[in-house]
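**Q** This is query36.tsv, which holds TSV, C-alpha atoms and all ligand atoms:
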```tsv
chain	number	residue	atom	x	y	z
B	1	MET	CA	169.40	99.41	111.82
B	2	PHE	CA	171.95	100.70	109.34
B	3	ASP	CA	171.73	103.97	107.47
B	4	ILE	CA	172.35	102.36	104.07
B	5	SER	CA	171.30	98.82	103.27
B	6	PRO	CA	173.65	97.00	100.90
B	7	GLN	CA	172.05	94.07	99.14
B	8	LEU	CA	173.77	90.86	98.17
B	9	ASP	CA	172.20	89.24	95.13
B	10	CYS	CA	172.85	85.57	95.85
B	11	ALA	CA	171.92	84.18	92.44
B	12	GLY	CA	168.48	85.72	92.61
B	13	ARG	CA	167.97	85.26	96.35
B	14	VAL	CA	168.60	88.75	97.68
B	15	LEU	CA	170.10	89.21	101.14
B	16	VAL	CA	169.24	92.73	102.33
B	17	LEU	CA	171.76	93.93	104.89
B	18	ASP	CA	169.43	96.41	106.59
B	19	ARG	CA	170.15	94.65	109.90
B	20	THR	CA	172.73	92.16	111.14
B	21	ARG	CA	172.02	88.94	109.28
B	22	VAL	CA	172.64	85.45	110.65
B	23	MET	CA	174.63	82.91	108.63
B	24	GLY	CA	173.90	79.37	109.87
B	25	ILE	CA	176.78	76.88	109.71
B	26	VAL	CA	176.20	73.55	107.96
B	27	ASN	CA	179.44	71.57	108.24
B	28	VAL	CA	179.32	68.41	106.14
B	29	THR	CA	182.55	67.14	107.64
B	30	PRO	CA	183.60	64.31	109.94
B	31	ASP	CA	186.03	66.53	111.86
B	32	SER	CA	184.81	70.13	112.28
B	33	PHE	CA	186.00	71.43	115.63
B	34	SER	CA	182.60	71.86	117.26
B	35	ASP	CA	180.13	69.72	115.35
B	36	GLY	CA	182.28	67.38	113.29
B	37	GLY	CA	180.43	64.21	112.27
B	38	LEU	CA	177.03	65.39	113.53
B	39	HIS	CA	175.88	66.33	110.04
B	40	ALA	CA	178.33	64.35	107.94
B	41	SER	CA	175.70	62.52	105.88
B	42	VAL	CA	173.66	64.30	103.19
B	43	ASP	CA	170.37	63.62	104.97
B	44	ALA	CA	171.69	64.83	108.32
B	45	ALA	CA	173.24	67.96	106.79
B	46	VAL	CA	170.08	68.83	104.86
B	47	ALA	CA	167.93	68.29	107.95
B	48	HIS	CA	170.30	70.50	109.96
B	49	GLY	CA	170.24	73.23	107.33
B	50	LEU	CA	166.44	73.22	107.21
B	51	ARG	CA	166.34	73.39	111.00
B	52	LEU	CA	168.64	76.43	110.99
B	53	ALA	CA	166.43	78.06	108.36
B	54	GLU	CA	163.44	77.42	110.60
B	55	GLU	CA	165.32	79.01	113.50
B	56	GLY	CA	165.73	82.18	111.44
B	57	ALA	CA	169.01	81.82	109.53
B	58	ASP	CA	169.20	84.44	106.76
B	59	ILE	CA	171.78	82.38	104.85
B	60	LEU	CA	173.12	78.82	105.15
B	61	ASP	CA	176.88	78.25	104.85
B	62	VAL	CA	177.67	74.74	103.59
B	63	GLY	CA	181.25	73.55	104.10
B	64	GLY	CA	182.96	70.26	103.28
B	65	GLU	CA	186.42	70.89	104.68
B	66	SER	CA	187.28	71.65	108.28
B	67	THR	CA	189.57	74.65	108.72
B	68	ARG	CA	190.24	73.99	112.38
B	69	PRO	CA	193.83	74.44	113.53
B	70	GLY	CA	195.84	71.42	112.42
B	71	ALA	CA	193.30	70.27	109.85
B	72	ALA	CA	194.64	68.51	106.77
B	73	GLU	CA	193.39	69.57	103.33
B	74	VAL	CA	190.49	67.58	101.84
B	75	PRO	CA	190.93	66.40	98.22
B	76	VAL	CA	188.69	68.28	95.75
B	77	GLU	CA	186.74	65.15	94.73
B	78	GLU	CA	185.88	64.41	98.36
B	79	GLU	CA	184.87	68.02	99.06
B	80	LEU	CA	182.62	67.98	95.98
B	81	ARG	CA	181.09	64.67	97.09
B	82	ARG	CA	180.28	66.19	100.48
B	83	VAL	CA	178.83	69.59	99.57
B	84	VAL	CA	177.16	69.35	96.14
B	85	PRO	CA	174.30	66.98	97.06
B	86	VAL	CA	173.60	68.99	100.24
B	87	ILE	CA	173.48	72.29	98.35
B	88	GLU	CA	171.29	70.77	95.62
B	89	ARG	CA	168.72	69.54	98.11
B	90	LEU	CA	168.78	72.63	100.33
B	91	ALA	CA	168.36	74.90	97.29
B	92	ARG	CA	165.23	72.97	96.39
B	93	GLN	CA	163.77	72.83	99.88
B	94	THR	CA	164.35	76.33	101.24
B	95	SER	CA	164.28	79.84	99.80
B	96	VAL	CA	167.10	80.93	102.12
B	97	PRO	CA	170.28	81.88	100.20
B	98	ILE	CA	173.10	79.32	100.38
B	99	SER	CA	176.84	80.02	100.54
B	100	VAL	CA	179.60	77.50	99.98
B	101	ASP	CA	182.55	77.57	102.38
B	102	THR	CA	185.49	76.63	100.18
B	103	CYS	CA	188.87	77.79	98.85
B	104	LYS	CA	188.79	75.60	95.72
B	105	PRO	CA	187.62	77.07	92.39
B	106	GLU	CA	186.24	73.68	91.26
B	107	VAL	CA	184.06	73.51	94.36
B	108	MET	CA	182.93	77.13	93.92
B	109	ARG	CA	181.80	76.39	90.37
B	110	ALA	CA	180.01	73.11	91.19
B	111	ALA	CA	178.37	74.64	94.26
B	112	VAL	CA	176.96	77.60	92.31
B	113	GLU	CA	175.75	75.24	89.59
B	114	ALA	CA	174.04	73.21	92.32
B	115	GLY	CA	172.25	76.28	93.70
B	116	ALA	CA	174.67	78.16	95.98
B	117	GLY	CA	174.39	81.93	95.64
B	118	MET	CA	177.50	83.06	97.53
B	119	ILE	CA	181.12	82.00	97.98
B	120	ASN	CA	182.62	82.08	101.47
B	121	ASP	CA	186.37	81.81	100.93
B	122	VAL	CA	188.58	81.64	104.04
B	123	CYS	CA	191.54	81.94	101.62
B	124	ALA	CA	190.24	85.26	100.18
B	125	LEU	CA	190.45	84.02	96.55
B	126	ARG	CA	194.22	83.45	96.78
B	127	ARG	CA	194.15	79.91	95.33
B	128	GLU	CA	195.15	79.51	91.68
B	129	GLY	CA	192.15	80.39	89.47
B	130	ALA	CA	189.89	81.46	92.35
B	131	LEU	CA	189.69	85.16	91.43
B	132	ASP	CA	188.73	84.47	87.81
B	133	THR	CA	186.29	81.72	88.81
B	134	ALA	CA	184.54	83.95	91.35
B	135	ALA	CA	184.40	86.81	88.84
B	136	ALA	CA	182.84	84.54	86.22
B	137	LEU	CA	180.30	83.04	88.64
B	138	GLY	CA	178.88	86.48	89.39
B	139	VAL	CA	177.90	85.77	93.01
B	140	PRO	CA	178.94	87.62	96.20
B	141	VAL	CA	182.20	86.56	97.83
B	142	VAL	CA	183.36	86.66	101.45
B	143	LEU	CA	187.09	87.49	101.65
B	144	MET	CA	188.55	86.34	104.97
B	145	HIS	CA	191.97	86.92	106.54
B	146	MET	CA	193.98	83.86	107.51
B	147	ARG	CA	197.64	83.89	108.56
B	148	GLY	CA	199.24	80.81	106.91
B	149	GLU	CA	197.30	77.55	106.52
B	150	PRO	CA	194.97	75.74	108.97
B	151	ARG	CA	197.62	73.09	109.54
B	152	THR	CA	200.10	75.58	111.03
B	153	MET	CA	198.29	78.87	111.59
B	154	GLN	CA	198.05	78.63	115.36
B	155	ASP	CA	201.74	77.84	115.87
B	156	ASP	CA	202.62	81.02	117.78
B	157	PRO	CA	201.06	83.73	115.52
B	158	ARG	CA	202.68	87.17	116.04
B	159	TYR	CA	201.79	90.63	114.69
B	160	ASP	CA	203.22	94.11	115.27
B	161	ASP	CA	199.68	95.48	114.95
B	162	VAL	CA	197.10	92.78	114.19
B	163	VAL	CA	194.30	95.19	113.31
B	164	ALA	CA	196.47	97.20	110.90
B	165	GLU	CA	197.91	94.05	109.29
B	166	VAL	CA	194.52	92.35	108.83
B	167	HIS	CA	193.04	95.60	107.53
B	168	ARG	CA	195.85	95.98	105.00
B	169	PHE	CA	195.43	92.38	103.85
B	170	LEU	CA	191.68	92.78	103.34
B	171	ALA	CA	192.14	96.09	101.52
B	172	GLU	CA	194.60	94.34	99.17
B	173	ARG	CA	192.19	91.45	98.56
B	174	VAL	CA	189.29	93.83	97.87
B	175	PHE	CA	191.52	95.62	95.36
B	176	ALA	CA	192.59	92.33	93.75
B	177	ALA	CA	188.96	91.23	93.48
B	178	GLU	CA	187.95	94.52	91.87
B	179	LEU	CA	190.84	94.22	89.41
B	180	ALA	CA	189.57	90.75	88.52
B	181	GLY	CA	186.14	92.21	87.76
B	182	ILE	CA	184.30	91.58	91.02
B	183	PRO	CA	182.54	94.84	91.97
B	184	LYS	CA	182.51	96.02	95.59
B	185	LYS	CA	178.77	95.41	95.77
B	186	ARG	CA	179.57	91.69	95.57
B	187	LEU	CA	182.24	91.71	98.28
B	188	VAL	CA	182.17	91.03	102.04
B	189	VAL	CA	185.25	91.12	104.30
B	190	ASP	CA	185.96	89.08	107.42
B	191	PRO	CA	188.93	89.48	109.84
B	192	GLY	CA	189.05	85.71	110.31
B	193	PHE	CA	188.73	85.22	114.07
B	194	GLY	CA	190.87	82.30	115.16
B	195	PHE	CA	192.72	81.96	111.86
B	196	GLY	CA	196.29	82.55	112.97
B	197	LYS	CA	195.33	84.66	115.97
B	198	THR	CA	195.64	84.38	119.73
B	199	THR	CA	192.76	85.38	121.99
B	200	ALA	CA	194.44	88.76	122.49
B	201	HIS	CA	194.55	89.23	118.71
B	202	ASN	CA	190.88	88.23	118.40
B	203	LEU	CA	189.88	90.66	121.15
B	204	ALA	CA	191.76	93.50	119.46
B	205	LEU	CA	190.04	92.73	116.15
B	206	LEU	CA	186.61	92.58	117.80
B	207	ALA	CA	187.18	95.76	119.82
B	208	GLN	CA	188.18	97.62	116.63
B	209	LEU	CA	185.81	95.88	114.22
B	210	GLU	CA	184.37	99.26	113.23
B	211	ARG	CA	187.63	100.00	111.37
B	212	PHE	CA	186.86	97.31	108.81
B	213	THR	CA	183.59	98.98	107.83
B	214	GLY	CA	185.85	101.65	106.35
B	215	LEU	CA	186.73	99.26	103.52
B	216	GLY	CA	183.37	100.13	101.97
B	217	VAL	CA	181.98	96.59	101.96
B	218	PRO	CA	179.89	94.68	104.53
B	219	VAL	CA	181.77	93.01	107.40
B	220	LEU	CA	181.21	89.40	108.47
B	221	ALA	CA	182.24	88.13	111.92
B	222	GLY	CA	182.58	84.46	112.86
B	223	LEU	CA	183.49	83.70	116.47
B	224	SER	CA	181.01	80.91	117.07
B	225	ARG	CA	182.12	78.39	119.70
B	226	LYS	CA	185.76	79.14	118.92
B	227	ARG	CA	188.73	78.50	121.19
B	228	SER	CA	188.94	82.15	122.27
B	229	ILE	CA	185.37	82.02	123.55
B	230	GLY	CA	186.37	78.91	125.48
B	231	GLU	CA	189.42	80.63	126.96
B	232	LEU	CA	187.39	83.68	128.04
B	233	THR	CA	184.57	81.65	129.59
B	234	GLY	CA	186.40	78.54	130.79
B	235	ARG	CA	184.06	76.41	128.67
B	236	GLU	CA	186.16	73.49	127.44
B	237	VAL	CA	183.40	71.93	125.36
B	238	PRO	CA	182.62	73.94	122.16
B	239	ALA	CA	178.89	73.16	122.32
B	240	GLU	CA	178.80	74.81	125.79
B	241	ARG	CA	180.09	78.14	124.40
B	242	VAL	CA	176.70	79.39	123.17
B	243	ALA	CA	176.28	82.32	125.60
B	244	GLY	CA	179.85	83.48	125.03
B	245	SER	CA	179.40	83.21	121.28
B	246	VAL	CA	176.13	85.16	121.36
B	247	ALA	CA	177.77	87.89	123.46
B	248	ALA	CA	180.68	88.15	121.02
B	249	HIS	CA	178.35	88.40	118.02
B	250	LEU	CA	176.25	91.06	119.74
B	251	VAL	CA	179.41	93.12	120.21
B	252	ALA	CA	180.31	92.47	116.57
B	253	ALA	CA	176.85	93.65	115.47
B	254	GLN	CA	177.15	96.79	117.59
B	255	ARG	CA	180.54	97.47	115.96
B	256	GLY	CA	179.27	97.16	112.43
B	257	ALA	CA	179.13	93.47	111.49
B	258	ARG	CA	176.33	92.97	108.96
B	259	ILE	CA	176.63	89.18	108.97
B	260	VAL	CA	177.49	86.89	111.88
B	261	ARG	CA	178.41	83.26	111.16
B	262	VAL	CA	177.02	81.02	113.89
B	263	HIS	CA	176.24	77.42	114.89
B	264	ASP	CA	173.49	78.50	117.31
B	265	VAL	CA	171.03	80.39	115.12
B	266	ALA	CA	167.98	80.60	117.41
B	267	ALA	CA	169.95	82.00	120.36
B	268	THR	CA	171.70	84.53	118.12
B	269	VAL	CA	168.48	85.63	116.40
B	270	ASP	CA	166.82	86.17	119.80
B	271	ALA	CA	169.75	88.21	121.11
B	272	LEU	CA	169.88	90.38	117.98
B	273	ARG	CA	166.11	91.03	118.17
B	274	VAL	CA	166.41	92.33	121.74
B	275	TRP	CA	169.42	94.49	120.84
B	276	GLU	CA	167.69	95.86	117.73
B	277	ALA	CA	164.59	96.74	119.75
B	278	VAL	CA	166.67	98.78	122.18
B	279	ALA	CA	168.68	100.38	119.37
B	280	ALA	CA	165.40	101.41	117.70
B	281	VAL	CA	164.25	103.47	120.71
B	282	PRO	CA	164.47	107.14	119.63
B	283	ALA	CA	167.15	109.14	121.38
B	284	PRO	CA	165.64	111.48	123.99
B	285	ARG	CA	165.08	115.04	122.73
B	286	ARG	CA	167.67	117.37	124.20
B	287	ALA	CA	166.01	119.63	126.82
O	301	LIG	N1	183.94	83.60	106.61
O	301	LIG	C1	184.26	82.71	107.57
O	301	LIG	N2	184.24	81.39	107.29
O	301	LIG	C2	184.59	80.47	108.27
O	301	LIG	N3	184.61	79.15	107.98
O	301	LIG	C3	184.95	78.24	108.95
O	301	LIG	C4	185.27	78.68	110.23
O	301	LIG	C5	185.63	77.68	111.26
O	301	LIG	O1	184.49	77.36	111.99
O	301	LIG	P1	183.66	76.00	111.74
O	301	LIG	O2	183.17	75.97	110.34
O	301	LIG	O3	182.65	75.90	112.79
O	301	LIG	O4	184.72	74.86	111.99
O	301	LIG	P2	185.50	73.93	110.96
O	301	LIG	O5	186.32	74.85	110.12
O	301	LIG	O6	186.28	73.02	111.86
O	301	LIG	O7	184.45	73.21	110.14
O	301	LIG	N4	185.26	80.01	110.56
O	301	LIG	C6	184.93	80.92	109.57
O	301	LIG	C7	184.93	82.35	109.82
O	301	LIG	O8	185.25	82.82	110.94
O	301	LIG	N5	184.60	83.17	108.80
```
What would you get if you wrote out this structure as structure tokens?
**A**
Amino acid sequence: MFDISPQLDCAGRVLVLDRTRVMGIVNVTPDSFSDGGLHASVDAAVAHGLRLAEEGADILDVGGESTRPGAAEVPVEEELRRVVPVIERLARQTSVPISVDTCKPEVMRAAVEAGAGMINDVCALRREGALDTAAALGVPVVLMHMRGEPRTMQDDPRYDDVVAEVHRFLAERVFAAELAGIPKKRLVVDPGFGFGKTTAHNLALLAQLERFTGLGVPVLAGLSRKRSIGELTGREVPAERVAGSVAAHLVAAQRGARIVRVHDVAATVDALRVWEAVAAVPAPRRA
């Protein structure tokens, strides 16, 4: 699928990015925007994660704090209580790499000790101590763009040029991570769909996603069931936005995304397989 295949060593579980890989979402939260409360207990979250692995997830993203617009911050002790037991049990029961979706250095450390092999940080390691903690943990890190904080980010976000501004931010965060001792081979960037962006902003970022591949690290795209998909399709209920989400992630894959972060793993895996089969057909020889 791709000419070069970066590899992410997730604490010994290697994720080869020779094709677009599917990150399955395991939200251990009572209030996530699309599946809040469905997997809030350890047993339910572990069962959900194993189901996503069965459906073909290449990595499982375990999060204990909703980042939906308006969400309040979760105290570190509560976030630890939510994610650590889930990561511990998933790491024992599946060979699929596990990422932890957190901004907090304490949660990063505890999650990696519990068996997580990647950090997914929607704050791009901007929290106090996060850069040094991620450098010391030695696992890959997703750096995502967010304008402001979840509580206020959707209050009328404005950009002169959203693609240029997000690109500049991610370039700065890649540089900061490298300065802190995190090599590029352990970095992934993500434009942060829905994090301080209108639907027009999200569409511009998706249409020009290719530009972010120029940062020299794999690109992750996460549009799954988000408000913009609802606006474009008229689907009010997040769980009814599967087709729109799959379409968006296919476009993201075509425009260079090496990881897509999704709730609906089976549907996404099927769509990517069909696309990859077509993409693999040799170009006709010129007459
Ligand atoms: N790297 C990355 N991480 C993310 N984490 C959470 C959400 C929000 O989605 P979800 O986890 O489904 O909702 P909530 O934050 O309400 O739990 N989106 C992203 C994203 O786009 N990229």
**Q** Using only C-alpha atoms and all ligand atoms, which residue out of B:Pro85, B:Gly222, B:Pro69, B:Pro282 lies closest to ligand LIG 301 (chain O)?
**A**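 Result for the nearest residue to ligand LIG 301 (chain O): B:Gly222.
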**Q** List all protein, DNA and RNA residues that have an atom no more than 7 Å from any atom of ligand LIG 301 (chain O), counting all atoms listed in the file, and report them as a list of chain:residue names.
**A** B:Ile25, B:Asn27, B:Thr29, B:Asp31, B:Ser32, B:Phe33, B:Ser34, B:Gly36, B:Gly63, B:Glu65, B:Ser66, B:Thr67, B:Arg68, B:Asp101, B:Asn120, B:Asp121, B:Val122, B:Val142, B:Met144, B:Asp190, B:Gly192, B:Phe193, B:Leu220, B:Ala221, B:Gly222, B:Leu223, B:Ser224, B:Arg261, B:His263
**Q** Between B:Leu38, B:Cys123, B:Leu131, B:Val14, which residue has the minimum interatomic distance to Gly148 in chain B, considering all atoms listed in the file?
**A**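 Answer, going by the shortest atom-to-atom distance: B:Cys123.
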**Q** Would you compute the distance between CA of Leu272 in chain B and CA of Leu250 in chain B? Give it in Å to one decimal.
**A** 6.6 Å
**Q** Given the point (187.7, 76.5, 93.1) in the file's coordinates, find the residues that have an atom at most 9 Å from it, counting only C-alpha atoms, and give them as a VMD selection string.
**A** chain B and resid 76 102 to 110 125 127 to 130 133 to 134
**Q** Which is closer to Pro30 in chain B than all the others in B:Asp161, B:Gly56, B:Val46, B:Gly64, using only C-alpha atoms?
**A**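 For Pro30 in chain B, the nearest of the given residues is B:Gly64.
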**Q** At what distance in Å, to one decimal, does CA of Arg21 in chain B lie from CA of Ile259 in chain B?
**A**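 Spanning CA of Ile259 in chain B to CA of Arg21 in chain B is a straight-line distance of 4.6 Å.
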**Q** Quick one, how far is CA of Ser41 in chain B from CA of Val83 in chain B?
**A**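 According to the coordinates, CA of Ser41 in chain B and CA of Val83 in chain B are separated by 10.0 Å.
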**Q** Give me the residues near Arg241 in chain B as a short mmCIF file (atom, residue, chain, number, x, y, z; two decimals) with C-alpha atoms, keeping the file's coordinate frame, where near means some atom within 7 Å (using only C-alpha atoms) and where sequence neighbours in that chain fewer than 4 positions away do not count.
**A**
```cif
data_model
loop_
_atom_site.label_atom_id
_atom_site.label_comp_id
_atom_site.auth_asym_id
_atom_site.auth_seq_id
_atom_site.Cartn_x
_atom_site.Cartn_y
_atom_site.Cartn_z
CA ARG B 225 182.12 78.39 119.70
CA ILE B 229 185.37 82.02 123.55
CA GLY B 230 186.37 78.91 125.48
CA ARG B 235 184.06 76.41 128.67
CA SER B 245 179.40 83.21 121.28
#
```
**Q** Hey, which of B:Arg151, B:Arg258, B:His39, B:Lys197 ends up closest to Arg82 in chain B? Count only C-alpha atoms.
**A**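 Looking at the shortest contact to Arg82 in chain B, the residue is B:His39.
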**Q** Return the single residue from B:Ala72, B:Gly12, B:Leu205, B:Arg286 that is closest to Ala248 in chain B, with distances computed using all atoms listed in the file.
**A** B:Leu205
**Q** Residues near Ala266 in chain B, anyone? I mean within 10 Å using all atoms listed in the file, not counting same-chain ones fewer than 4 positions away, as number ranges by chain.
**A** B: 22, 24, 51-57, 262, 270-272
**Q** Go through B:Val84, B:Val219, B:Val139, B:Ala204 one by one, measure the shortest atom-to-atom distance of each to Leu17 in chain B using all atoms listed in the file, and give the residue with the smallest value.
**A**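 Among the listed residues, B:Val219 lies closest to Leu17 in chain B.
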**Q** What are the centre and edge lengths in Å, to one decimal, of the axis-aligned box around all listed atoms of range 50-63 of chain B with 8 Å added on each side, as AutoDock Vina command-line options?
**A**
```
--center_x 172.3 --center_y 78.8 --center_z 108.5 --size_x 33.8 --size_y 27.2 --size_z 25.9
```
**Q** I want to know what sits within 10 Å of Arg158 in chain B, based on all atoms listed in the file, with residues of the same chain fewer than 4 positions away left out; could you give that as a PyMOL selection string?
**A** chain B and resi 147+154+162+196-198+201
